[in-house]
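The data block below is my_file_13.cif; it holds mmCIF, C-alpha atoms.
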```cif
data_my_file
#
loop_
_atom_site.group_PDB
_atom_site.id
_atom_site.type_symbol
_atom_site.label_atom_id
_atom_site.label_comp_id
_atom_site.auth_asym_id
_atom_site.auth_seq_id
_atom_site.Cartn_x
_atom_site.Cartn_y
_atom_site.Cartn_z
ATOM 1 C CA MET A 1 -180.824 -75.444 -43.771
ATOM 2 C CA PRO A 2 -181.360 -71.638 -43.558
ATOM 3 C CA ARG A 3 -183.709 -70.395 -40.856
ATOM 4 C CA GLU A 4 -187.029 -69.117 -42.172
ATOM 5 C CA GLU A 5 -187.485 -65.341 -42.023
ATOM 6 C CA ILE A 6 -189.834 -64.200 -39.255
ATOM 7 C CA PHE A 7 -192.796 -62.167 -40.520
ATOM 8 C CA ARG A 8 -194.331 -59.695 -38.093
ATOM 9 C CA SER A 9 -197.674 -57.898 -38.283
ATOM 10 C CA GLY A 10 -199.880 -55.761 -36.135
ATOM 11 C CA PHE A 11 -201.996 -52.672 -35.636
ATOM 12 C CA VAL A 12 -200.717 -49.239 -34.637
ATOM 13 C CA THR A 13 -202.816 -46.268 -33.499
ATOM 14 C CA ILE A 14 -201.861 -42.663 -34.263
ATOM 15 C CA LEU A 15 -203.269 -40.091 -31.852
ATOM 16 C CA GLY A 16 -202.690 -36.589 -30.550
ATOM 17 C CA ARG A 17 -204.490 -33.298 -30.173
ATOM 18 C CA PRO A 18 -205.877 -31.639 -33.318
ATOM 19 C CA ASN A 19 -203.457 -30.201 -35.891
ATOM 20 C CA VAL A 20 -200.238 -31.895 -34.753
ATOM 21 C CA GLY A 21 -199.810 -33.560 -38.157
ATOM 22 C CA LYS A 22 -201.400 -36.994 -37.738
ATOM 23 C CA SER A 23 -202.953 -37.084 -41.192
ATOM 24 C CA THR A 24 -199.736 -35.862 -42.825
ATOM 25 C CA LEU A 25 -197.889 -38.649 -41.006
ATOM 26 C CA LEU A 26 -200.416 -41.253 -42.154
ATOM 27 C CA ASN A 27 -200.056 -40.132 -45.768
ATOM 28 C CA GLN A 28 -196.258 -40.269 -45.491
ATOM 29 C CA LEU A 29 -196.407 -43.805 -44.096
ATOM 30 C CA ALA A 30 -198.900 -44.911 -46.771
ATOM 31 C CA GLY A 31 -196.855 -43.368 -49.560
ATOM 32 C CA GLN A 32 -199.904 -41.582 -50.986
ATOM 33 C CA LYS A 33 -202.726 -39.274 -49.934
ATOM 34 C CA ILE A 34 -205.525 -41.092 -48.140
ATOM 35 C CA ALA A 35 -206.192 -38.706 -45.235
ATOM 36 C CA ILE A 36 -207.117 -35.060 -45.683
ATOM 37 C CA MET A 37 -205.090 -32.200 -44.248
ATOM 38 C CA SER A 38 -206.222 -28.809 -42.982
ATOM 39 C CA ASP A 39 -205.181 -26.190 -40.461
ATOM 40 C CA LYS A 40 -208.695 -26.279 -38.972
ATOM 41 C CA PRO A 41 -209.271 -28.442 -35.836
ATOM 42 C CA GLN A 42 -211.036 -31.817 -36.036
ATOM 43 C CA THR A 43 -210.448 -32.197 -39.752
ATOM 44 C CA THR A 44 -210.273 -36.007 -39.530
ATOM 45 C CA ARG A 45 -213.703 -37.481 -38.774
ATOM 46 C CA ASN A 46 -213.302 -41.165 -39.534
ATOM 47 C CA LYS A 47 -210.864 -43.769 -38.293
ATOM 48 C CA ILE A 48 -208.659 -44.295 -41.348
ATOM 49 C CA GLN A 49 -206.476 -47.350 -41.903
ATOM 50 C CA ALA A 50 -203.284 -47.276 -43.925
ATOM 51 C CA VAL A 51 -201.350 -50.440 -44.694
ATOM 52 C CA LEU A 52 -197.564 -50.566 -44.954
ATOM 53 C CA THR A 53 -196.117 -53.856 -46.201
ATOM 54 C CA ARG A 54 -192.438 -54.827 -46.251
ATOM 55 C CA LYS A 55 -190.842 -58.179 -46.941
ATOM 56 C CA ASP A 56 -190.491 -58.787 -43.188
ATOM 57 C CA ALA A 57 -193.624 -57.116 -41.801
ATOM 58 C CA GLN A 58 -197.028 -55.543 -42.330
ATOM 59 C CA ILE A 59 -198.195 -52.593 -40.222
ATOM 60 C CA VAL A 60 -201.797 -51.407 -40.215
ATOM 61 C CA PHE A 61 -201.917 -47.774 -39.083
ATOM 62 C CA ILE A 62 -205.126 -46.332 -37.636
ATOM 63 C CA ASP A 63 -205.521 -42.561 -37.752
ATOM 64 C CA THR A 64 -207.971 -40.984 -35.315
ATOM 65 C CA PRO A 65 -209.831 -37.702 -34.924
ATOM 66 C CA GLY A 66 -208.027 -35.294 -32.575
ATOM 67 C CA MET A 67 -209.031 -35.538 -28.909
ATOM 68 C CA HIS A 68 -211.370 -32.688 -27.947
ATOM 69 C CA LYS A 69 -214.451 -31.910 -25.838
ATOM 70 C CA PRO A 70 -217.467 -32.878 -27.977
ATOM 71 C CA LYS A 71 -220.208 -30.304 -28.624
ATOM 72 C CA HIS A 72 -222.592 -32.403 -30.736
ATOM 73 C CA LYS A 73 -223.266 -36.026 -31.738
ATOM 74 C CA LEU A 74 -220.635 -35.885 -34.479
ATOM 75 C CA GLY A 75 -218.099 -34.732 -31.876
ATOM 76 C CA GLU A 76 -219.128 -37.548 -29.513
ATOM 77 C CA PHE A 77 -218.661 -40.033 -32.332
ATOM 78 C CA MET A 78 -215.195 -38.635 -33.087
ATOM 79 C CA VAL A 79 -214.007 -38.898 -29.452
ATOM 80 C CA ALA A 80 -215.446 -42.416 -29.142
ATOM 81 C CA GLU A 81 -213.406 -43.362 -32.236
ATOM 82 C CA VAL A 82 -210.217 -42.287 -30.457
ATOM 83 C CA TYR A 83 -210.799 -44.579 -27.495
ATOM 84 C CA ARG A 84 -211.896 -47.484 -29.696
ATOM 85 C CA ALA A 85 -208.656 -47.113 -31.633
ATOM 86 C CA LEU A 86 -206.614 -47.688 -28.463
ATOM 87 C CA GLU A 87 -208.035 -51.167 -27.973
ATOM 88 C CA GLU A 88 -206.156 -54.231 -29.115
ATOM 89 C CA VAL A 89 -203.262 -52.524 -30.875
ATOM 90 C CA GLU A 90 -199.565 -53.349 -30.587
ATOM 91 C CA VAL A 91 -198.201 -49.791 -30.451
ATOM 92 C CA ILE A 92 -199.624 -46.304 -29.834
ATOM 93 C CA LEU A 93 -198.003 -43.343 -31.604
ATOM 94 C CA PHE A 94 -198.596 -40.179 -29.543
ATOM 95 C CA VAL A 95 -197.862 -37.255 -31.866
ATOM 96 C CA LEU A 96 -196.715 -33.880 -30.498
ATOM 97 C CA ASP A 97 -195.960 -30.689 -32.398
ATOM 98 C CA ALA A 98 -192.309 -30.020 -31.516
ATOM 99 C CA SER A 99 -192.580 -26.462 -32.850
ATOM 100 C CA GLU A 100 -195.107 -25.524 -30.143
ATOM 101 C CA GLU A 101 -195.093 -25.567 -26.347
ATOM 102 C CA ILE A 102 -196.492 -28.701 -24.705
ATOM 103 C CA GLY A 103 -200.039 -27.667 -23.835
ATOM 104 C CA SER A 104 -202.906 -28.774 -21.617
ATOM 105 C CA GLY A 105 -204.326 -30.903 -24.435
ATOM 106 C CA ASP A 106 -201.056 -32.836 -24.740
ATOM 107 C CA LYS A 107 -200.924 -33.321 -20.964
ATOM 108 C CA PHE A 108 -204.528 -34.540 -20.901
ATOM 109 C CA ILE A 109 -203.761 -37.192 -23.523
ATOM 110 C CA ALA A 110 -200.613 -38.245 -21.647
ATOM 111 C CA GLU A 111 -202.710 -38.711 -18.484
ATOM 112 C CA GLN A 112 -205.151 -40.942 -20.357
ATOM 113 C CA LEU A 113 -202.307 -42.984 -21.850
ATOM 114 C CA ALA A 114 -200.794 -43.533 -18.393
ATOM 115 C CA LYS A 115 -203.700 -45.931 -17.720
ATOM 116 C CA ILE A 116 -202.817 -48.073 -20.742
ATOM 117 C CA GLU A 117 -200.243 -50.878 -20.869
ATOM 118 C CA THR A 118 -199.763 -50.772 -24.654
ATOM 119 C CA PRO A 119 -196.241 -49.630 -25.719
ATOM 120 C CA ILE A 120 -196.272 -45.893 -26.477
ATOM 121 C CA PHE A 121 -193.975 -43.967 -28.808
ATOM 122 C CA VAL A 122 -193.915 -40.191 -28.553
ATOM 123 C CA LEU A 123 -193.372 -38.669 -31.995
ATOM 124 C CA LEU A 124 -191.966 -35.140 -31.984
ATOM 125 C CA ASN A 125 -193.282 -33.925 -35.303
ATOM 126 C CA LYS A 126 -192.253 -30.837 -37.313
ATOM 127 C CA VAL A 127 -188.579 -30.981 -36.289
ATOM 128 C CA ASP A 128 -187.836 -29.317 -39.638
ATOM 129 C CA LEU A 129 -189.207 -26.117 -38.076
ATOM 130 C CA ILE A 130 -187.009 -25.975 -34.952
ATOM 131 C CA ALA A 131 -183.323 -25.689 -34.012
ATOM 132 C CA PRO A 132 -181.414 -28.686 -32.542
ATOM 133 C CA LEU A 133 -181.105 -26.964 -29.147
ATOM 134 C CA ARG A 134 -184.878 -26.498 -28.940
ATOM 135 C CA LEU A 135 -185.398 -30.152 -29.912
ATOM 136 C CA ALA A 136 -183.191 -31.263 -27.025
ATOM 137 C CA GLN A 137 -185.273 -29.126 -24.652
ATOM 138 C CA VAL A 138 -188.528 -30.607 -25.947
ATOM 139 C CA GLN A 139 -187.198 -34.145 -25.521
ATOM 140 C CA GLU A 140 -186.435 -33.427 -21.864
ATOM 141 C CA GLU A 141 -189.894 -31.916 -21.334
ATOM 142 C CA VAL A 142 -191.561 -34.981 -22.844
ATOM 143 C CA LYS A 143 -189.872 -37.275 -20.327
ATOM 144 C CA SER A 144 -191.861 -35.557 -17.566
ATOM 145 C CA LEU A 145 -195.166 -36.506 -19.234
ATOM 146 C CA GLY A 146 -194.831 -40.242 -18.576
ATOM 147 C CA ASN A 147 -192.936 -43.433 -19.272
ATOM 148 C CA PHE A 148 -192.633 -44.008 -22.993
ATOM 149 C CA GLN A 149 -190.895 -46.798 -24.914
ATOM 150 C CA GLN A 150 -189.503 -44.431 -27.544
ATOM 151 C CA ILE A 151 -189.209 -40.702 -28.225
ATOM 152 C CA VAL A 152 -188.749 -40.234 -31.976
ATOM 153 C CA PRO A 153 -188.097 -36.801 -33.536
ATOM 154 C CA LEU A 154 -189.338 -36.660 -37.138
ATOM 155 C CA SER A 155 -190.935 -34.589 -39.860
ATOM 156 C CA ALA A 156 -194.088 -36.017 -41.411
ATOM 157 C CA LYS A 157 -193.858 -33.317 -44.066
ATOM 158 C CA THR A 158 -190.290 -34.018 -45.269
ATOM 159 C CA GLY A 159 -190.126 -37.717 -44.355
ATOM 160 C CA GLU A 160 -187.179 -37.257 -41.954
ATOM 161 C CA ASN A 161 -186.787 -40.318 -39.655
ATOM 162 C CA ILE A 162 -189.887 -42.056 -41.047
ATOM 163 C CA GLU A 163 -187.882 -45.180 -41.957
ATOM 164 C CA LEU A 164 -186.335 -45.173 -38.481
ATOM 165 C CA LEU A 165 -189.825 -45.019 -36.966
ATOM 166 C CA VAL A 166 -191.019 -47.989 -39.054
ATOM 167 C CA ASP A 167 -187.955 -50.046 -38.042
ATOM 168 C CA GLU A 168 -188.610 -49.332 -34.365
ATOM 169 C CA ILE A 169 -192.316 -50.196 -34.611
ATOM 170 C CA ILE A 170 -191.571 -53.560 -36.224
ATOM 171 C CA LYS A 171 -189.451 -54.535 -33.205
ATOM 172 C CA PHE A 172 -192.631 -54.362 -31.079
ATOM 173 C CA LEU A 173 -194.846 -56.391 -33.419
ATOM 174 C CA PRO A 174 -195.582 -60.083 -32.765
ATOM 175 C CA GLU A 175 -195.091 -62.794 -35.332
ATOM 176 C CA GLY A 176 -198.214 -62.830 -37.444
ATOM 177 C CA PRO A 177 -199.840 -63.138 -40.872
ATOM 178 C CA GLN A 178 -200.065 -60.662 -43.708
ATOM 179 C CA TYR A 179 -203.586 -59.297 -43.234
ATOM 180 C CA TYR A 180 -203.858 -57.403 -46.525
ATOM 181 C CA PRO A 181 -202.471 -57.841 -50.072
ATOM 182 C CA GLU A 182 -199.044 -56.227 -50.422
ATOM 183 C CA ASP A 183 -200.259 -53.666 -52.972
ATOM 184 C CA MET A 184 -203.097 -52.447 -50.729
ATOM 185 C CA VAL A 185 -202.515 -49.108 -48.973
ATOM 186 C CA THR A 186 -205.901 -48.536 -47.288
ATOM 187 C CA ASP A 187 -209.109 -50.394 -46.455
ATOM 188 C CA GLN A 188 -211.209 -47.271 -46.868
ATOM 189 C CA PRO A 189 -213.909 -47.400 -49.557
ATOM 190 C CA GLU A 190 -212.978 -45.443 -52.672
ATOM 191 C CA ARG A 191 -216.075 -43.250 -52.403
ATOM 192 C CA LEU A 192 -215.238 -42.268 -48.822
ATOM 193 C CA ILE A 193 -211.741 -41.141 -49.806
ATOM 194 C CA ILE A 194 -213.133 -39.139 -52.741
ATOM 195 C CA ALA A 195 -215.660 -37.484 -50.400
ATOM 196 C CA GLU A 196 -212.889 -36.561 -47.978
ATOM 197 C CA LEU A 197 -210.727 -35.096 -50.739
ATOM 198 C CA ILE A 198 -213.615 -32.840 -51.765
ATOM 199 C CA ARG A 199 -214.262 -31.855 -48.133
ATOM 200 C CA GLU A 200 -210.579 -30.966 -47.727
ATOM 201 C CA LYS A 201 -210.776 -28.395 -50.519
ATOM 202 C CA ALA A 202 -213.975 -26.903 -49.083
ATOM 203 C CA LEU A 203 -212.282 -26.629 -45.667
ATOM 204 C CA HIS A 204 -209.320 -24.903 -47.252
ATOM 205 C CA LEU A 205 -211.354 -22.307 -49.133
ATOM 206 C CA THR A 206 -214.187 -21.369 -46.761
ATOM 207 C CA ARG A 207 -214.456 -19.086 -43.752
ATOM 208 C CA GLU A 208 -214.402 -20.214 -40.104
ATOM 209 C CA GLU A 209 -218.203 -20.549 -39.647
ATOM 210 C CA VAL A 210 -218.600 -23.046 -42.494
ATOM 211 C CA PRO A 211 -216.052 -25.935 -42.265
ATOM 212 C CA HIS A 212 -217.551 -28.154 -39.545
ATOM 213 C CA ALA A 213 -220.996 -27.841 -41.109
ATOM 214 C CA ILE A 214 -219.692 -29.513 -44.272
ATOM 215 C CA GLY A 215 -220.391 -33.144 -45.102
ATOM 216 C CA VAL A 216 -219.856 -34.800 -48.477
ATOM 217 C CA GLU A 217 -221.570 -37.780 -50.075
ATOM 218 C CA VAL A 218 -220.333 -39.323 -53.314
ATOM 219 C CA GLU A 219 -223.446 -40.558 -55.091
ATOM 220 C CA GLU A 220 -221.906 -42.036 -58.225
ATOM 221 C CA VAL A 221 -218.538 -43.144 -59.606
ATOM 222 C CA THR A 222 -218.959 -44.520 -63.133
ATOM 223 C CA LYS A 223 -216.557 -45.276 -65.967
ATOM 224 C CA ARG A 224 -217.923 -43.574 -69.073
ATOM 225 C CA THR A 225 -218.573 -45.893 -72.006
ATOM 226 C CA ASN A 226 -216.013 -45.587 -74.838
ATOM 227 C CA LYS A 227 -214.139 -42.868 -72.915
ATOM 228 C CA ASN A 228 -211.113 -42.930 -70.635
ATOM 229 C CA THR A 229 -213.009 -40.767 -68.160
ATOM 230 C CA VAL A 230 -214.669 -41.484 -64.807
ATOM 231 C CA TYR A 231 -217.869 -39.603 -63.933
ATOM 232 C CA VAL A 232 -218.021 -38.590 -60.253
ATOM 233 C CA ARG A 233 -221.171 -36.998 -58.805
ATOM 234 C CA ALA A 234 -220.988 -35.676 -55.235
ATOM 235 C CA VAL A 235 -223.186 -33.618 -52.906
ATOM 236 C CA ILE A 236 -221.785 -31.167 -50.376
ATOM 237 C CA TYR A 237 -224.168 -30.879 -47.407
ATOM 238 C CA VAL A 238 -224.349 -27.768 -45.218
ATOM 239 C CA GLU A 239 -226.669 -26.823 -42.362
ATOM 240 C CA ARG A 240 -227.968 -23.388 -43.433
ATOM 241 C CA GLU A 241 -228.905 -21.543 -46.626
ATOM 242 C CA SER A 242 -226.303 -18.880 -45.818
ATOM 243 C CA GLN A 243 -223.609 -21.588 -45.789
ATOM 244 C CA LYS A 244 -224.846 -22.882 -49.128
ATOM 245 C CA GLY A 245 -224.358 -19.395 -50.548
ATOM 246 C CA ILE A 246 -220.764 -19.348 -49.320
ATOM 247 C CA ILE A 247 -219.975 -22.777 -50.774
ATOM 248 C CA VAL A 248 -221.567 -21.950 -54.147
ATOM 249 C CA GLY A 249 -220.015 -18.478 -54.288
ATOM 250 C CA LYS A 250 -220.798 -15.637 -56.663
ATOM 251 C CA LYS A 251 -222.052 -17.146 -59.944
ATOM 252 C CA GLY A 252 -220.794 -20.550 -58.745
ATOM 253 C CA SER A 253 -217.169 -19.386 -58.418
ATOM 254 C CA MET A 254 -216.424 -21.064 -55.050
ATOM 255 C CA LEU A 255 -217.952 -24.409 -56.048
ATOM 256 C CA LYS A 256 -215.979 -24.299 -59.302
ATOM 257 C CA GLU A 257 -212.732 -23.693 -57.400
ATOM 258 C CA ILE A 258 -213.450 -26.524 -54.955
ATOM 259 C CA GLY A 259 -214.004 -28.833 -57.922
ATOM 260 C CA GLN A 260 -210.853 -27.738 -59.718
ATOM 261 C CA LEU A 261 -208.689 -28.321 -56.635
ATOM 262 C CA ALA A 262 -210.283 -31.682 -55.788
ATOM 263 C CA ARG A 263 -210.071 -33.006 -59.340
ATOM 264 C CA GLY A 264 -206.285 -33.447 -59.320
ATOM 265 C CA ASP A 265 -206.251 -35.490 -56.101
ATOM 266 C CA ILE A 266 -209.162 -37.650 -57.248
ATOM 267 C CA GLU A 267 -207.500 -38.302 -60.617
ATOM 268 C CA ASN A 268 -204.324 -39.376 -58.773
ATOM 269 C CA LEU A 269 -206.403 -41.718 -56.624
ATOM 270 C CA LEU A 270 -208.325 -43.282 -59.535
ATOM 271 C CA GLY A 271 -205.490 -43.163 -62.068
ATOM 272 C CA SER A 272 -207.651 -41.668 -64.826
ATOM 273 C CA PRO A 273 -209.229 -38.353 -65.902
ATOM 274 C CA ILE A 274 -212.519 -37.521 -64.189
ATOM 275 C CA PHE A 275 -215.602 -35.401 -64.767
ATOM 276 C CA LEU A 276 -216.540 -34.034 -61.328
ATOM 277 C CA ASP A 277 -220.194 -33.036 -60.938
ATOM 278 C CA LEU A 278 -220.641 -31.135 -57.631
ATOM 279 C CA TRP A 279 -223.937 -30.136 -55.986
ATOM 280 C CA VAL A 280 -224.713 -28.316 -52.716
ATOM 281 C CA LYS A 281 -227.732 -29.156 -50.509
ATOM 282 C CA VAL A 282 -228.969 -27.927 -47.119
ATOM 283 C CA LYS A 283 -229.670 -30.449 -44.334
ATOM 284 C CA GLU A 284 -230.425 -28.495 -41.173
ATOM 285 C CA ASP A 285 -228.456 -29.528 -38.066
ATOM 286 C CA TRP A 286 -227.149 -32.688 -39.793
ATOM 287 C CA ARG A 287 -224.302 -33.118 -37.276
ATOM 288 C CA ASN A 288 -226.862 -33.926 -34.558
ATOM 289 C CA ARG A 289 -228.937 -36.290 -36.717
ATOM 290 C CA GLU A 290 -227.822 -39.897 -36.320
ATOM 291 C CA ASN A 291 -229.373 -40.987 -39.606
ATOM 292 C CA MET A 292 -227.326 -38.349 -41.479
ATOM 293 C CA LEU A 293 -224.102 -39.316 -39.682
ATOM 294 C CA HIS A 294 -224.684 -42.908 -40.733
ATOM 295 C CA PHE A 295 -225.658 -41.805 -44.237
ATOM 296 C CA LEU A 296 -222.373 -39.867 -44.649
ATOM 297 C CA GLY A 297 -220.240 -42.725 -43.313
ATOM 298 C CA TYR A 298 -219.419 -41.366 -39.847
ATOM 299 C CA GLU A 299 -220.941 -44.294 -37.919
#
```
Please express the file's structure as structure tokens.
Amino acid sequence: MPREEIFRSGFVTILGRPNVGKSTLLNQLAGQKIAIMSDKPQTTRNKIQAVLTRKDAQIVFIDTPGMHKPKHKLGEFMVAEVYRALEEVEVILFVLDASEEIGSGDKFIAEQLAKIETPIFVLLNKVDLIAPLRLAQVQEEVKSLGNFQQIVPLSAKTGENIELLVDEIIKFLPEGPQYYPEDMVTDQPERLIIAELIREKALHLTREEVPHAIGVEVEEVTKRTNKNTVYVRAVIYVERESQKGIIVGKKGSMLKEIGQLARGDIENLLGSPIFLDLWVKVKEDWRNRENMLHFLGYE
């Protein structure tokens, strides 16, 4: 009688300093866009779960905000999310940018991880940007940061060595159940993902003083009667009137561009054409107001 296949499952945390490519990695593992990407620090605000299911295993990946020194309640919430994500997981993926020098932020994270018994993989991301000789040097430098189970060079952007990474993770998972249906790729509410896709476009298009003052609430997602169109109404919150002017733009040009860019990603997510109705409102100092953080889904 043939031996029954062993099914493994477990939770894996992705962490690293801001802008090392954690969200890009999560999207690559999920096979679709569920986490937003930006070159501005602390883009990811919520802990985002992506689910990868194979015939022999299911991995639930938890993305985290980048580790940083908090300056307001939103920042405190983001750092607390990082440490919560380290609890009760099977593997920690510590992502480094292989195209940059190992910095004080990387060393700080390594020091914190040294106190944890959970298996740790160091992922050397962006290897598509460096020469093989430089990669070998980086691998040697990483060994001085601590004792790690695996050092995996990869490219979250191109997908290089992603399958190898998944195979190695599965070896560290215990036997366990399938937590989510096999066609499920995230447990995040649809409205939250839509809000994040809109925020991504605003981050991409606005100047430095605006991005972290941006919050987005999706108020309505409704299938229009007798039409193959979904109506989406969302509000972009900022902290000052001057920021509202930047987001709206001259004769509404900036808001229109944000909507045009976001529409494609939202249509891919929902699988149907959408009518995107965007508004901009001012909520002074919302990042320090607990009721607003809760209201926008950050607590």
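Distances from A:Gln178, A:Gln58, A:Thr229, A:Ser155 to Leu124 in chain A were compared using all atoms listed in the file, and the smallest one belongs to A:Ser155.
The nearest approach to Val12 in chain A among the residues A:Tyr237, A:Phe172, A:Phe148, A:Tyr180, with all atoms listed in the file taken into account, belongs to A:Phe172.
Shortest atom-to-atom contact with Ile14 in chain A among A:Val152, A:Val95, A:Val89, A:Ile59: A:Val95, counting only C-alpha atoms.
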Which is closer to Lys227 in chain A than all the others in A:Ser272, A:Thr118, A:Thr158, A:Thr186, using only C-alpha atoms?
A:Ser272
Rounded to one decimal, what separation in Å do you get between CA of Gln49 in chain A and CA of Asp63 in chain A?
6.4 Å
Pull the neighbourhood of (-212.8, -26.7, -56.2) for me: all residues within 12 Å in file coordinates, counting only C-alpha atoms, as a PyMOL selection string.
chain A and resi 197-206+236+247-249+252-266+276-279
Result set, the PyMOL selection byres ((chain A and resi 164) around 12) on current file, as an NGL selection string:
:A and (29 or 123 or 150-155 or 159-163 or 165-171)
Expanded to explicit residues, what is the PyMOL selection byres ((chain A and resi 93) around 7) for this file, as a ChimeraX atom specification?
/A:13-15,91-92,94-95,120-123
Once the PyMOL selection byres ((chain A and resi 106) around 10) has been evaluated on this model, what residues remain selected, and can you format them as a PyMOL selection string?
chain A and resi 16-18+67+94-97+101-105+107-111+142+145
Quick check, in Å to one decimal: how far apart do CA of Ile194 in chain A and CA of Asn268 in chain A lie?
10.7 Å
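For the pair CA of Leu269 in chain A and CA of Gly21 in chain A, the separation is 21.2 Å.
Remark: for Phe7 in chain A, the closest of the candidate residues A:Glu141, A:Glu217, A:Asp56, A:Glu100 is A:Asp56 (distances computed over only C-alpha atoms).
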Find the axis-aligned box for range 109-126 of chain A, covering all its listed atoms and adding 5 Å on each side, and write its centre and edge lengths in Å to one decimal as AutoDock Vina command-line options.
```
--center_x -198.6 --center_y -40.9 --center_z -27.5 --size_x 23.2 --size_y 30.0 --size_z 29.6
```
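Of the listed residues A:Gln149, A:Thr53, A:Gln112, A:Gln32, the one whose atoms come nearest to Gly10 in chain A is A:Thr53, with distances taken using only C-alpha atoms.
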